[in-house]
Amino acid sequence: MTHQNAEHSSRFGTGSEAGADVPDANDNRRQVLYWRLLARLFDHEEQPALESASLAVVEDIGLPSALLDPGASVDSVVQRHPELAPEFDGLMTPAPEEDGDRDRAAEVRRAALASKMLLNVFASGSGTVTAEQLARWQSDAEWFERALGCRPGELRGGRGSAGRAGAGGGVSPTGTGVGGPAPDLSRLIPAIGPELGSIEAGLVKRMHLREVLADPALAARLTPSMSLIEQLLRDKDNLSGVALANAKALIRRYVDEVTDVLRTQVEKSTVGELDRSVPPKRVFRNLDIDRTIWKNLTNWSPEEERLYVDRLYYRHTSRKTTPQRLIVVVDQSGSMVDSMVNCTILASIFAGLPKVDVHLIAYDTQALDLTPWAHDPFETLLRTKLGGGTDGTVAMALAQPKIAEPRNTVVVWISDFYEWRHQELFDSMAAVHRSGAKFIPVGSVTSSGRGSVNPWFRERFKDLGAPVISGHIKKLVHELKTFLT
C-alpha cells in the first residue's frame, strides 16, 4: 500500500483495530464508499481524496481495485473474480437481520459492491454511444436487475430471460453471503423499472443506430430490449439492405424471447374442465395404468401369477371450451409502444388456442385492422406505424361490427385514454358493455405496470362497472383466461 493510502487507512480506520473501535472503523469505511458514490453521481468530478481513501478501503477488505474503475463492467469484474458473482445476486434485497450485533465488516463489503453496480448503471455519461458501450450498459443493467431479485431484462420490458451465460448462478431473492443493512431498493422496483428504461432509451438515441445496423459485427453486439425495439420500429421505414435485415433480426429475437415468457403464463392459466363427451385418444401417453389394472383384477391368475387384460382404459385429455371472440384494440401512439409490442405478442398466443377467434386493431388518428397477421407478432409489428395523435372513434368503427355474439365476445382496449373526442368514444364503449360483451379497459401493458390513465375515463369506467385494470400484463392474462376458459 502506498504512503498516501496508508495515511487514509489510518484516518478512516482501515487497519486491524481491536474491540470497540472496530464498529466505528467499519462505519467510517462504509461512509467513505458512499460519499464517493454520491460525488461521482452528482458532481461528475473525480475527488482525489475520496478516490484514494476508497481504494484503501477496498484493498483492506480484500476486494479487487477494479470495483473502483468506471470503465470496468460488472461482467469483467466477475470474469476475473468469479467468487463475487453470488454476492452480486440479490445484493439489493438483503435477508432479514438475525438477533445479535450487526456485521459491520459485511456492510462495508456490500457498500463496495453496491457502489460499483449503481455507478455503472446510473452514471451513463454523455456524448455519442457505441454499440459496445450500449452492450456493456445492458449487461450491467441485467446484473442490477438480478441484484433486485428480478430476472435479467424483467424491469426494462419483460423479457424475463433465464439469465446470462456464465453469470455465476441464479437469482437470489433474499440476498446472499454478505448480510447486514444495505441499500434495499427492492421496494422501489415499480419506480426503478421505468427509470432504467428511460436511461436505456437515452443511450439508444445517442447511438448512431443506422451505422451500427449497417455493420453485422456491431449489430451482433446489441441486445434486444424495449427501448431498442421502439427505436427500430420508428426507424424501420428509413432502413434498407443489411441495416433492415439486422433490424428485423433484432425485432424477431425480442419477439421470440417475450413470446416464450408470455406463452408460459397463458398455458398455466388456460385449462378448462375435462370434456368427457369426447372419447379419449387411444395413445400410450394417455393410458391410465392404475385404472386398467384395477378394472382387470378379476382376471388375475394365482397359479401363473399373471394378470390378463381384457380392456385398456385411457385418460380424457380434451377440455371443454366455448367458442369465443377476442377483439384487442391497441393505441399505437408514441406513449403506448410497450403496450403495442406486448399486446401483439399476447394476441398471437391466444390466436393459437382452440376455439378462440382473435381480432387485432391498432390505431392513432387512423385505424388499421391487423387481424390477418394476428398469429404472427413479428409481421404485425412491421406493419405498425408508431406515433401520431389519438382518435379511438376510428378504431371503434372497426371493432363494433366484429361483435356478432356479444355474450361470447371480449373486447380489450389498451390506451392511456387521452382522447380528443372523449364523450363520443365513451358512449360507444358503454354501448358495447351494455350489449353483454365483456369490455376490459387497460391503462397499459408493461412489465412494470406503470402507466398514466386519463382520470376522466377512469372515473366513468368505474361507474360503468368496468374499472381500468392494472397495466401489468399478468393481470390482463388472468382476466382473459377467466373469460376464455
# chains A, B, ... in the order shown; residues from 1 in each chain; ligands from 1

call {"tool": "residues_around", "arguments": {"residues": "Arg458 in chain A", "least_positions_apart": "6", "cutoff": "12 Å", "atoms": "only C-alpha atoms", "output": "PyMOL selection string"}}
result
chain A and resi 415-418+422+426+441-443+452+464-470

call {"tool": "select_by_dssp", "arguments": {"residues": "range 257-414 of chain A", "states": "helix (DSSP H, G or I)", "output": "PDB file with N, CA, C and O atoms, in the first residue's frame"}}
result
ATOM      1  N   GLU A 257     -38.272 -13.981 -27.513  1.00  0.00           N
ATOM      2  CA  GLU A 257     -37.991 -14.050 -26.078  1.00  0.00           C
ATOM      3  C   GLU A 257     -39.230 -13.727 -25.251  1.00  0.00           C
ATOM      4  O   GLU A 257     -39.564 -14.435 -24.297  1.00  0.00           O
ATOM      5  N   VAL A 258     -39.930 -12.649 -25.616  1.00  0.00           N
ATOM      6  CA  VAL A 258     -41.125 -12.271 -24.862  1.00  0.00           C
ATOM      7  C   VAL A 258     -42.232 -13.296 -25.058  1.00  0.00           C
ATOM      8  O   VAL A 258     -42.981 -13.613 -24.131  1.00  0.00           O
ATOM      9  N   THR A 259     -42.349 -13.843 -26.267  1.00  0.00           N
ATOM     10  CA  THR A 259     -43.373 -14.851 -26.546  1.00  0.00           C
ATOM     11  C   THR A 259     -43.203 -16.057 -25.645  1.00  0.00           C
ATOM     12  O   THR A 259     -44.186 -16.595 -25.108  1.00  0.00           O
ATOM     13  N   ASP A 260     -41.976 -16.506 -25.465  1.00  0.00           N
ATOM     14  CA  ASP A 260     -41.729 -17.669 -24.602  1.00  0.00           C
ATOM     15  C   ASP A 260     -42.219 -17.407 -23.181  1.00  0.00           C
ATOM     16  O   ASP A 260     -42.811 -18.279 -22.543  1.00  0.00           O
ATOM     17  N   VAL A 261     -41.970 -16.189 -22.670  1.00  0.00           N
ATOM     18  CA  VAL A 261     -42.383 -15.854 -21.309  1.00  0.00           C
ATOM     19  C   VAL A 261     -43.909 -15.797 -21.208  1.00  0.00           C
ATOM     20  O   VAL A 261     -44.517 -16.383 -20.309  1.00  0.00           O
ATOM     21  N   LEU A 262     -44.549 -15.102 -22.149  1.00  0.00           N
ATOM     22  CA  LEU A 262     -46.000 -14.928 -22.087  1.00  0.00           C
ATOM     23  C   LEU A 262     -46.733 -16.231 -22.357  1.00  0.00           C
ATOM     24  O   LEU A 262     -47.767 -16.504 -21.746  1.00  0.00           O
ATOM     25  N   ARG A 263     -46.211 -17.061 -23.260  1.00  0.00           N
ATOM     26  CA  ARG A 263     -46.878 -18.334 -23.550  1.00  0.00           C
ATOM     27  C   ARG A 263     -46.920 -19.209 -22.303  1.00  0.00           C
ATOM     28  O   ARG A 263     -47.921 -19.881 -22.029  1.00  0.00           O
ATOM     29  N   THR A 264     -45.847 -19.176 -21.529  1.00  0.00           N
ATOM     30  CA  THR A 264     -45.831 -19.951 -20.281  1.00  0.00           C
ATOM     31  C   THR A 264     -46.920 -19.469 -19.337  1.00  0.00           C
ATOM     32  O   THR A 264     -47.628 -20.279 -18.724  1.00  0.00           O
ATOM     33  N   GLN A 265     -47.092 -18.139 -19.212  1.00  0.00           N
ATOM     34  CA  GLN A 265     -48.135 -17.602 -18.341  1.00  0.00           C
ATOM     35  C   GLN A 265     -49.524 -17.990 -18.825  1.00  0.00           C
ATOM     36  O   GLN A 265     -50.393 -18.350 -18.041  1.00  0.00           O
ATOM     37  N   VAL A 266     -49.741 -17.939 -20.138  1.00  0.00           N
ATOM     38  CA  VAL A 266     -51.058 -18.269 -20.686  1.00  0.00           C
ATOM     39  C   VAL A 266     -51.347 -19.759 -20.528  1.00  0.00           C
ATOM     40  O   VAL A 266     -52.438 -20.155 -20.118  1.00  0.00           O
ATOM     41  N   GLU A 267     -50.366 -20.599 -20.835  1.00  0.00           N
ATOM     42  CA  GLU A 267     -50.594 -22.042 -20.772  1.00  0.00           C
ATOM     43  C   GLU A 267     -50.848 -22.506 -19.353  1.00  0.00           C
ATOM     44  O   GLU A 267     -51.577 -23.468 -19.118  1.00  0.00           O
ATOM     45  N   LYS A 268     -50.264 -21.826 -18.363  1.00  0.00           N
ATOM     46  CA  LYS A 268     -50.523 -22.189 -16.978  1.00  0.00           C
ATOM     47  C   LYS A 268     -51.948 -21.845 -16.571  1.00  0.00           C
ATOM     48  O   LYS A 268     -52.486 -22.424 -15.631  1.00  0.00           O
ATOM     49  N   SER A 269     -52.548 -20.896 -17.275  1.00  0.00           N
ATOM     50  CA  SER A 269     -53.858 -20.389 -16.875  1.00  0.00           C
ATOM     51  C   SER A 269     -55.010 -21.005 -17.646  1.00  0.00           C
ATOM     52  O   SER A 269     -56.086 -21.215 -17.107  1.00  0.00           O
ATOM     53  N   PHE A 284     -50.431 -44.239 -26.130  1.00  0.00           N
ATOM     54  CA  PHE A 284     -49.779 -44.739 -24.917  1.00  0.00           C
ATOM     55  C   PHE A 284     -49.685 -43.675 -23.826  1.00  0.00           C
ATOM     56  O   PHE A 284     -49.849 -43.968 -22.644  1.00  0.00           O
ATOM     57  N   ARG A 285     -49.419 -42.411 -24.218  1.00  0.00           N
ATOM     58  CA  ARG A 285     -49.242 -41.380 -23.196  1.00  0.00           C
ATOM     59  C   ARG A 285     -50.530 -41.116 -22.417  1.00  0.00           C
ATOM     60  O   ARG A 285     -50.500 -40.559 -21.315  1.00  0.00           O
ATOM     61  N   ASN A 286     -51.693 -41.495 -22.983  1.00  0.00           N
ATOM     62  CA  ASN A 286     -52.967 -41.321 -22.280  1.00  0.00           C
ATOM     63  C   ASN A 286     -53.402 -42.566 -21.519  1.00  0.00           C
ATOM     64  O   ASN A 286     -54.469 -42.564 -20.894  1.00  0.00           O
ATOM     65  N   ILE A 289     -52.846 -46.523 -16.396  1.00  0.00           N
ATOM     66  CA  ILE A 289     -52.354 -47.832 -15.959  1.00  0.00           C
ATOM     67  C   ILE A 289     -53.047 -48.282 -14.674  1.00  0.00           C
ATOM     68  O   ILE A 289     -53.466 -49.440 -14.556  1.00  0.00           O
ATOM     69  N   ASP A 290     -53.199 -47.382 -13.708  1.00  0.00           N
ATOM     70  CA  ASP A 290     -53.824 -47.752 -12.436  1.00  0.00           C
ATOM     71  C   ASP A 290     -55.252 -48.242 -12.648  1.00  0.00           C
ATOM     72  O   ASP A 290     -55.675 -49.265 -12.077  1.00  0.00           O
ATOM     73  N   ARG A 291     -56.015 -47.514 -13.447  1.00  0.00           N
ATOM     74  CA  ARG A 291     -57.410 -47.901 -13.684  1.00  0.00           C
ATOM     75  C   ARG A 291     -57.479 -49.196 -14.474  1.00  0.00           C
ATOM     76  O   ARG A 291     -58.349 -50.047 -14.230  1.00  0.00           O
ATOM     77  N   THR A 292     -56.577 -49.368 -15.424  1.00  0.00           N
ATOM     78  CA  THR A 292     -56.564 -50.601 -16.224  1.00  0.00           C
ATOM     79  C   THR A 292     -56.309 -51.815 -15.336  1.00  0.00           C
ATOM     80  O   THR A 292     -56.984 -52.849 -15.454  1.00  0.00           O
ATOM     81  N   ILE A 293     -55.356 -51.699 -14.432  1.00  0.00           N
ATOM     82  CA  ILE A 293     -55.064 -52.820 -13.522  1.00  0.00           C
ATOM     83  C   ILE A 293     -56.260 -53.102 -12.616  1.00  0.00           C
ATOM     84  O   ILE A 293     -56.668 -54.261 -12.430  1.00  0.00           O
ATOM     85  N   TRP A 294     -56.852 -52.031 -12.046  1.00  0.00           N
ATOM     86  CA  TRP A 294     -57.974 -52.201 -11.112  1.00  0.00           C
ATOM     87  C   TRP A 294     -59.166 -52.881 -11.789  1.00  0.00           C
ATOM     88  O   TRP A 294     -59.777 -53.794 -11.227  1.00  0.00           O
ATOM     89  N   LYS A 295     -59.502 -52.450 -12.999  1.00  0.00           N
ATOM     90  CA  LYS A 295     -60.657 -52.997 -13.707  1.00  0.00           C
ATOM     91  C   LYS A 295     -60.438 -54.440 -14.164  1.00  0.00           C
ATOM     92  O   LYS A 295     -61.404 -55.154 -14.446  1.00  0.00           O
ATOM     93  N   LEU A 297     -58.588 -56.775 -12.369  1.00  0.00           N
ATOM     94  CA  LEU A 297     -58.116 -57.642 -11.277  1.00  0.00           C
ATOM     95  C   LEU A 297     -58.826 -58.995 -11.243  1.00  0.00           C
ATOM     96  O   LEU A 297     -58.264 -59.988 -10.758  1.00  0.00           O
ATOM     97  N   THR A 298     -60.066 -59.041 -11.719  1.00  0.00           N
ATOM     98  CA  THR A 298     -60.786 -60.330 -11.735  1.00  0.00           C
ATOM     99  C   THR A 298     -60.139 -61.335 -12.673  1.00  0.00           C
ATOM    100  O   THR A 298     -60.448 -62.531 -12.626  1.00  0.00           O
ATOM    101  N   ASN A 299     -59.243 -60.874 -13.524  1.00  0.00           N
ATOM    102  CA  ASN A 299     -58.565 -61.773 -14.476  1.00  0.00           C
ATOM    103  C   ASN A 299     -57.195 -62.221 -13.971  1.00  0.00           C
ATOM    104  O   ASN A 299     -56.397 -62.761 -14.731  1.00  0.00           O
ATOM    105  N   GLY A 334     -47.301   7.331 -29.586  1.00  0.00           N
ATOM    106  CA  GLY A 334     -45.939   7.260 -29.060  1.00  0.00           C
ATOM    107  C   GLY A 334     -45.824   6.791 -27.630  1.00  0.00           C
ATOM    108  O   GLY A 334     -44.861   6.134 -27.257  1.00  0.00           O
ATOM    109  N   SER A 335     -46.818   7.110 -26.790  1.00  0.00           N
ATOM    110  CA  SER A 335     -46.718   6.767 -25.369  1.00  0.00           C
ATOM    111  C   SER A 335     -47.075   5.319 -25.075  1.00  0.00           C
ATOM    112  O   SER A 335     -46.968   4.871 -23.940  1.00  0.00           O
ATOM    113  N   MET A 336     -47.500   4.555 -26.085  1.00  0.00           N
ATOM    114  CA  MET A 336     -48.021   3.213 -25.855  1.00  0.00           C
ATOM    115  C   MET A 336     -47.204   2.130 -26.555  1.00  0.00           C
ATOM    116  O   MET A 336     -47.710   1.055 -26.848  1.00  0.00           O
ATOM    117  N   VAL A 337     -45.938   2.421 -26.853  1.00  0.00           N
ATOM    118  CA  VAL A 337     -45.119   1.465 -27.606  1.00  0.00           C
ATOM    119  C   VAL A 337     -45.000   0.139 -26.876  1.00  0.00           C
ATOM    120  O   VAL A 337     -45.161  -0.940 -27.456  1.00  0.00           O
ATOM    121  N   ASP A 338     -44.703   0.199 -25.579  1.00  0.00           N
ATOM    122  CA  ASP A 338     -44.553  -1.023 -24.774  1.00  0.00           C
ATOM    123  C   ASP A 338     -45.813  -1.870 -24.880  1.00  0.00           C
ATOM    124  O   ASP A 338     -45.765  -3.090 -25.077  1.00  0.00           O
ATOM    125  N   SER A 339     -46.985  -1.237 -24.766  1.00  0.00           N
ATOM    126  CA  SER A 339     -48.247  -1.954 -24.852  1.00  0.00           C
ATOM    127  C   SER A 339     -48.445  -2.562 -26.229  1.00  0.00           C
ATOM    128  O   SER A 339     -48.936  -3.685 -26.360  1.00  0.00           O
ATOM    129  N   MET A 340     -48.078  -1.835 -27.263  1.00  0.00           N
ATOM    130  CA  MET A 340     -48.249  -2.330 -28.627  1.00  0.00           C
ATOM    131  C   MET A 340     -47.464  -3.613 -28.832  1.00  0.00           C
ATOM    132  O   MET A 340     -47.971  -4.598 -29.381  1.00  0.00           O
ATOM    133  N   VAL A 341     -46.223  -3.622 -28.389  1.00  0.00           N
ATOM    134  CA  VAL A 341     -45.379  -4.802 -28.563  1.00  0.00           C
ATOM    135  C   VAL A 341     -45.925  -5.981 -27.769  1.00  0.00           C
ATOM    136  O   VAL A 341     -46.106  -7.084 -28.301  1.00  0.00           O
ATOM    137  N   ASN A 342     -46.225  -5.749 -26.495  1.00  0.00           N
ATOM    138  CA  ASN A 342     -46.706  -6.852 -25.659  1.00  0.00           C
ATOM    139  C   ASN A 342     -48.049  -7.395 -26.128  1.00  0.00           C
ATOM    140  O   ASN A 342     -48.288  -8.610 -26.093  1.00  0.00           O
ATOM    141  N   CYS A 343     -48.947  -6.521 -26.546  1.00  0.00           N
ATOM    142  CA  CYS A 343     -50.293  -6.968 -26.915  1.00  0.00           C
ATOM    143  C   CYS A 343     -50.326  -7.701 -28.241  1.00  0.00           C
ATOM    144  O   CYS A 343     -51.123  -8.622 -28.426  1.00  0.00           O
ATOM    145  N   THR A 344     -49.490  -7.313 -29.188  1.00  0.00           N
ATOM    146  CA  THR A 344     -49.447  -8.073 -30.436  1.00  0.00           C
ATOM    147  C   THR A 344     -48.944  -9.490 -30.169  1.00  0.00           C
ATOM    148  O   THR A 344     -49.432 -10.452 -30.759  1.00  0.00           O
ATOM    149  N   ILE A 345     -47.992  -9.609 -29.257  1.00  0.00           N
ATOM    150  CA  ILE A 345     -47.480 -10.933 -28.906  1.00  0.00           C
ATOM    151  C   ILE A 345     -48.553 -11.728 -28.170  1.00  0.00           C
ATOM    152  O   ILE A 345     -48.798 -12.911 -28.463  1.00  0.00           O
ATOM    153  N   LEU A 346     -49.223 -11.082 -27.203  1.00  0.00           N
ATOM    154  CA  LEU A 346     -50.261 -11.766 -26.432  1.00  0.00           C
ATOM    155  C   LEU A 346     -51.411 -12.208 -27.342  1.00  0.00           C
ATOM    156  O   LEU A 346     -51.941 -13.322 -27.207  1.00  0.00           O
ATOM    157  N   ALA A 347     -51.806 -11.351 -28.281  1.00  0.00           N
ATOM    158  CA  ALA A 347     -52.880 -11.702 -29.209  1.00  0.00           C
ATOM    159  C   ALA A 347     -52.505 -12.929 -30.033  1.00  0.00           C
ATOM    160  O   ALA A 347     -53.341 -13.814 -30.285  1.00  0.00           O
ATOM    161  N   SER A 348     -51.247 -13.014 -30.448  1.00  0.00           N
ATOM    162  CA  SER A 348     -50.822 -14.162 -31.263  1.00  0.00           C
ATOM    163  C   SER A 348     -50.879 -15.454 -30.462  1.00  0.00           C
ATOM    164  O   SER A 348     -51.187 -16.521 -31.004  1.00  0.00           O
ATOM    165  N   ILE A 349     -50.587 -15.375 -29.163  1.00  0.00           N
ATOM    166  CA  ILE A 349     -50.630 -16.577 -28.321  1.00  0.00           C
ATOM    167  C   ILE A 349     -52.065 -17.051 -28.161  1.00  0.00           C
ATOM    168  O   ILE A 349     -52.368 -18.243 -28.305  1.00  0.00           O
ATOM    169  N   PHE A 350     -52.984 -16.129 -27.880  1.00  0.00           N
ATOM    170  CA  PHE A 350     -54.386 -16.512 -27.755  1.00  0.00           C
ATOM    171  C   PHE A 350     -54.950 -16.974 -29.097  1.00  0.00           C
ATOM    172  O   PHE A 350     -55.864 -17.797 -29.138  1.00  0.00           O
ATOM    173  N   ALA A 351     -54.410 -16.439 -30.195  1.00  0.00           N
ATOM    174  CA  ALA A 351     -54.862 -16.872 -31.521  1.00  0.00           C
ATOM    175  C   ALA A 351     -54.535 -18.340 -31.759  1.00  0.00           C
ATOM    176  O   ALA A 351     -55.184 -19.005 -32.573  1.00  0.00           O
ATOM    177  N   THR A 371     -55.851  -8.084 -38.142  1.00  0.00           N
ATOM    178  CA  THR A 371     -56.325  -9.455 -37.887  1.00  0.00           C
ATOM    179  C   THR A 371     -55.656 -10.498 -38.779  1.00  0.00           C
ATOM    180  O   THR A 371     -55.297 -11.575 -38.288  1.00  0.00           O
ATOM    181  N   PRO A 372     -55.455 -10.253 -40.087  1.00  0.00           N
ATOM    182  CA  PRO A 372     -54.818 -11.296 -40.916  1.00  0.00           C
ATOM    183  C   PRO A 372     -53.434 -11.711 -40.438  1.00  0.00           C
ATOM    184  O   PRO A 372     -52.962 -12.797 -40.772  1.00  0.00           O
ATOM    185  N   TRP A 373     -52.776 -10.849 -39.659  1.00  0.00           N
ATOM    186  CA  TRP A 373     -51.422 -11.159 -39.182  1.00  0.00           C
ATOM    187  C   TRP A 373     -51.375 -11.373 -37.665  1.00  0.00           C
ATOM    188  O   TRP A 373     -50.294 -11.432 -37.090  1.00  0.00           O
ATOM    189  N   PRO A 377     -46.758 -12.054 -34.432  1.00  0.00           N
ATOM    190  CA  PRO A 377     -46.472 -10.714 -33.885  1.00  0.00           C
ATOM    191  C   PRO A 377     -45.354  -9.997 -34.611  1.00  0.00           C
ATOM    192  O   PRO A 377     -45.345  -8.764 -34.678  1.00  0.00           O
ATOM    193  N   PHE A 378     -44.412 -10.734 -35.173  1.00  0.00           N
ATOM    194  CA  PHE A 378     -43.315 -10.116 -35.904  1.00  0.00           C
ATOM    195  C   PHE A 378     -43.844  -9.364 -37.132  1.00  0.00           C
ATOM    196  O   PHE A 378     -43.538  -8.194 -37.342  1.00  0.00           O
ATOM    197  N   GLU A 379     -44.664 -10.041 -37.923  1.00  0.00           N
ATOM    198  CA  GLU A 379     -45.239  -9.399 -39.103  1.00  0.00           C
ATOM    199  C   GLU A 379     -46.169  -8.253 -38.707  1.00  0.00           C
ATOM    200  O   GLU A 379     -46.241  -7.232 -39.385  1.00  0.00           O
ATOM    201  N   THR A 380     -46.888  -8.430 -37.599  1.00  0.00           N
ATOM    202  CA  THR A 380     -47.795  -7.380 -37.134  1.00  0.00           C
ATOM    203  C   THR A 380     -47.022  -6.110 -36.800  1.00  0.00           C
ATOM    204  O   THR A 380     -47.401  -5.002 -37.205  1.00  0.00           O
ATOM    205  N   LEU A 381     -45.933  -6.248 -36.048  1.00  0.00           N
ATOM    206  CA  LEU A 381     -45.156  -5.077 -35.637  1.00  0.00           C
ATOM    207  C   LEU A 381     -44.534  -4.357 -36.836  1.00  0.00           C
ATOM    208  O   LEU A 381     -44.420  -3.138 -36.838  1.00  0.00           O
ATOM    209  N   LEU A 382     -44.161  -5.117 -37.859  1.00  0.00           N
ATOM    210  CA  LEU A 382     -43.586  -4.485 -39.042  1.00  0.00           C
ATOM    211  C   LEU A 382     -44.618  -3.641 -39.788  1.00  0.00           C
ATOM    212  O   LEU A 382     -44.257  -2.757 -40.567  1.00  0.00           O
ATOM    213  N   GLY A 392     -59.795   7.333 -30.810  1.00  0.00           N
ATOM    214  CA  GLY A 392     -60.336   5.988 -30.625  1.00  0.00           C
ATOM    215  C   GLY A 392     -61.622   5.725 -31.379  1.00  0.00           C
ATOM    216  O   GLY A 392     -61.991   4.562 -31.585  1.00  0.00           O
ATOM    217  N   THR A 393     -62.317   6.777 -31.817  1.00  0.00           N
ATOM    218  CA  THR A 393     -63.585   6.553 -32.517  1.00  0.00           C
ATOM    219  C   THR A 393     -63.371   5.821 -33.842  1.00  0.00           C
ATOM    220  O   THR A 393     -64.234   5.053 -34.275  1.00  0.00           O
ATOM    221  N   VAL A 394     -62.231   6.041 -34.497  1.00  0.00           N
ATOM    222  CA  VAL A 394     -61.972   5.347 -35.761  1.00  0.00           C
ATOM    223  C   VAL A 394     -61.730   3.865 -35.511  1.00  0.00           C
ATOM    224  O   VAL A 394     -62.072   3.011 -36.342  1.00  0.00           O
ATOM    225  N   ALA A 395     -61.126   3.532 -34.360  1.00  0.00           N
ATOM    226  CA  ALA A 395     -60.928   2.124 -34.009  1.00  0.00           C
ATOM    227  C   ALA A 395     -62.251   1.468 -33.641  1.00  0.00           C
ATOM    228  O   ALA A 395     -62.505   0.303 -33.985  1.00  0.00           O
ATOM    229  N   MET A 396     -63.109   2.212 -32.933  1.00  0.00           N
ATOM    230  CA  MET A 396     -64.412   1.660 -32.560  1.00  0.00           C
ATOM    231  C   MET A 396     -65.248   1.354 -33.793  1.00  0.00           C
ATOM    232  O   MET A 396     -66.016   0.374 -33.823  1.00  0.00           O
ATOM    233  N   ALA A 397     -65.100   2.161 -34.846  1.00  0.00           N
ATOM    234  CA  ALA A 397     -65.840   1.910 -36.087  1.00  0.00           C
ATOM    235  C   ALA A 397     -65.451   0.572 -36.706  1.00  0.00           C
ATOM    236  O   ALA A 397     -66.262  -0.078 -37.371  1.00  0.00           O
ATOM    237  N   LEU A 398     -64.213   0.140 -36.492  1.00  0.00           N
ATOM    238  CA  LEU A 398     -63.778  -1.179 -36.971  1.00  0.00           C
ATOM    239  C   LEU A 398     -64.174  -2.292 -36.006  1.00  0.00           C
ATOM    240  O   LEU A 398     -64.476  -3.418 -36.431  1.00  0.00           O
ATOM    241  N   ALA A 399     -64.161  -1.994 -34.708  1.00  0.00           N
ATOM    242  CA  ALA A 399     -64.390  -3.036 -33.704  1.00  0.00           C
ATOM    243  C   ALA A 399     -65.862  -3.427 -33.572  1.00  0.00           C
ATOM    244  O   ALA A 399     -66.186  -4.616 -33.446  1.00  0.00           O
ATOM    245  N   GLN A 400     -66.764  -2.466 -33.589  1.00  0.00           N
ATOM    246  CA  GLN A 400     -68.176  -2.754 -33.325  1.00  0.00           C
ATOM    247  C   GLN A 400     -68.778  -3.785 -34.274  1.00  0.00           C
ATOM    248  O   GLN A 400     -69.497  -4.689 -33.828  1.00  0.00           O
ATOM    249  N   PRO A 401     -68.543  -3.709 -35.592  1.00  0.00           N
ATOM    250  CA  PRO A 401     -69.123  -4.724 -36.488  1.00  0.00           C
ATOM    251  C   PRO A 401     -68.629  -6.142 -36.220  1.00  0.00           C
ATOM    252  O   PRO A 401     -69.261  -7.109 -36.668  1.00  0.00           O
ATOM    253  N   LYS A 402     -67.506  -6.291 -35.517  1.00  0.00           N
ATOM    254  CA  LYS A 402     -66.969  -7.614 -35.225  1.00  0.00           C
ATOM    255  C   LYS A 402     -67.685  -8.291 -34.052  1.00  0.00           C
ATOM    256  O   LYS A 402     -67.476  -9.473 -33.787  1.00  0.00           O
ATOM    257  N   PRO A 406     -72.467 -10.910 -28.650  1.00  0.00           N
ATOM    258  CA  PRO A 406     -71.889 -10.190 -27.505  1.00  0.00           C
ATOM    259  C   PRO A 406     -71.552 -11.078 -26.314  1.00  0.00           C
ATOM    260  O   PRO A 406     -70.504 -10.882 -25.676  1.00  0.00           O
ATOM    261  N   ARG A 407     -72.391 -12.060 -26.000  1.00  0.00           N
ATOM    262  CA  ARG A 407     -72.152 -12.894 -24.816  1.00  0.00           C
ATOM    263  C   ARG A 407     -70.886 -13.729 -24.941  1.00  0.00           C
ATOM    264  O   ARG A 407     -70.329 -14.174 -23.933  1.00  0.00           O
ATOM    265  N   ASN A 408     -70.446 -13.956 -26.144  1.00  0.00           N
ATOM    266  CA  ASN A 408     -69.241 -14.765 -26.363  1.00  0.00           C
ATOM    267  C   ASN A 408     -68.081 -13.900 -26.880  1.00  0.00           C
ATOM    268  O   ASN A 408     -67.183 -14.399 -27.547  1.00  0.00           O
TER     269      ASN A 408
END

call {"tool": "closest_residue", "arguments": {"among": "A:Ser428, A:Thr130, A:Ser444, A:Ser124", "to": "Arg40 in chain A", "atoms": "only C-alpha atoms"}}
result
A:Ser124

call {"tool": "select_by_dssp", "arguments": {"residues": "range 309-375 of chain A", "states": "strand (DSSP E or B)", "output": "PyMOL selection string"}}
result
chain A and resi 314+319+324-331+356-363+367-369

call {"tool": "closest_residue", "arguments": {"among": "A:Arg110, A:Arg156, A:Lys205, A:Arg234", "to": "Gln138 in chain A", "atoms": "only C-alpha atoms"}}
result
A:Arg156

call {"tool": "residues_around", "arguments": {"residues": "range 214-216 of chain A", "least_positions_apart": "5", "cutoff": "10 Å", "atoms": "only C-alpha atoms", "output": "PyMOL selection string"}}
result
chain A and resi 209+221+239-247

call {"tool": "closest_residue", "arguments": {"among": "A:Ala147, A:Leu353, A:Ile229, A:Leu119", "to": "Val255 in chain A", "atoms": "only C-alpha atoms"}}
result
A:Ile229

call {"tool": "closest_residue", "arguments": {"among": "A:Val32, A:Leu84, A:Ala66, A:Val412", "to": "Ala111 in chain A", "atoms": "only C-alpha atoms"}}
result
A:Val32

call {"tool": "residues_around", "arguments": {"residues": "Thr128 in chain A", "least_positions_apart": "4", "cutoff": "8 Å", "atoms": "only C-alpha atoms", "output": "list in words"}}
result
Arg206, Met207 and His208 of chain A

call {"tool": "atom_distance", "arguments": {"atom1": "CA of Arg311 in chain A", "atom2": "CA of Asn296 in chain A"}}
result
7.5 Å

call {"tool": "decode", "arguments": {"residues": "range 245-249 of chain A", "atoms": "N, CA, C and O atoms", "output": "CSV table (one decimal), in the first residue's frame"}}
result
chain,number,residue,atom,x,y,z
A,245,ALA,N,-32.2,-5.8,-42.6
A,245,ALA,CA,-32.1,-7.2,-42.2
A,245,ALA,C,-31.7,-7.4,-40.8
A,245,ALA,O,-32.3,-8.2,-40.1
A,246,ASN,N,-30.7,-6.6,-40.4
A,246,ASN,CA,-30.2,-6.7,-39.0
A,246,ASN,C,-31.3,-6.2,-38.0
A,246,ASN,O,-31.5,-6.7,-36.9
A,247,ALA,N,-32.0,-5.1,-38.4
A,247,ALA,CA,-33.1,-4.6,-37.6
A,247,ALA,C,-34.2,-5.7,-37.4
A,247,ALA,O,-34.7,-5.9,-36.3
A,248,LYS,N,-34.6,-6.3,-38.5
A,248,LYS,CA,-35.6,-7.4,-38.4
A,248,LYS,C,-35.2,-8.5,-37.5
A,248,LYS,O,-36.0,-9.1,-36.8
A,249,ALA,N,-33.9,-8.9,-37.6
A,249,ALA,CA,-33.4,-10.0,-36.8
A,249,ALA,C,-33.4,-9.6,-35.3
A,249,ALA,O,-33.8,-10.5,-34.5
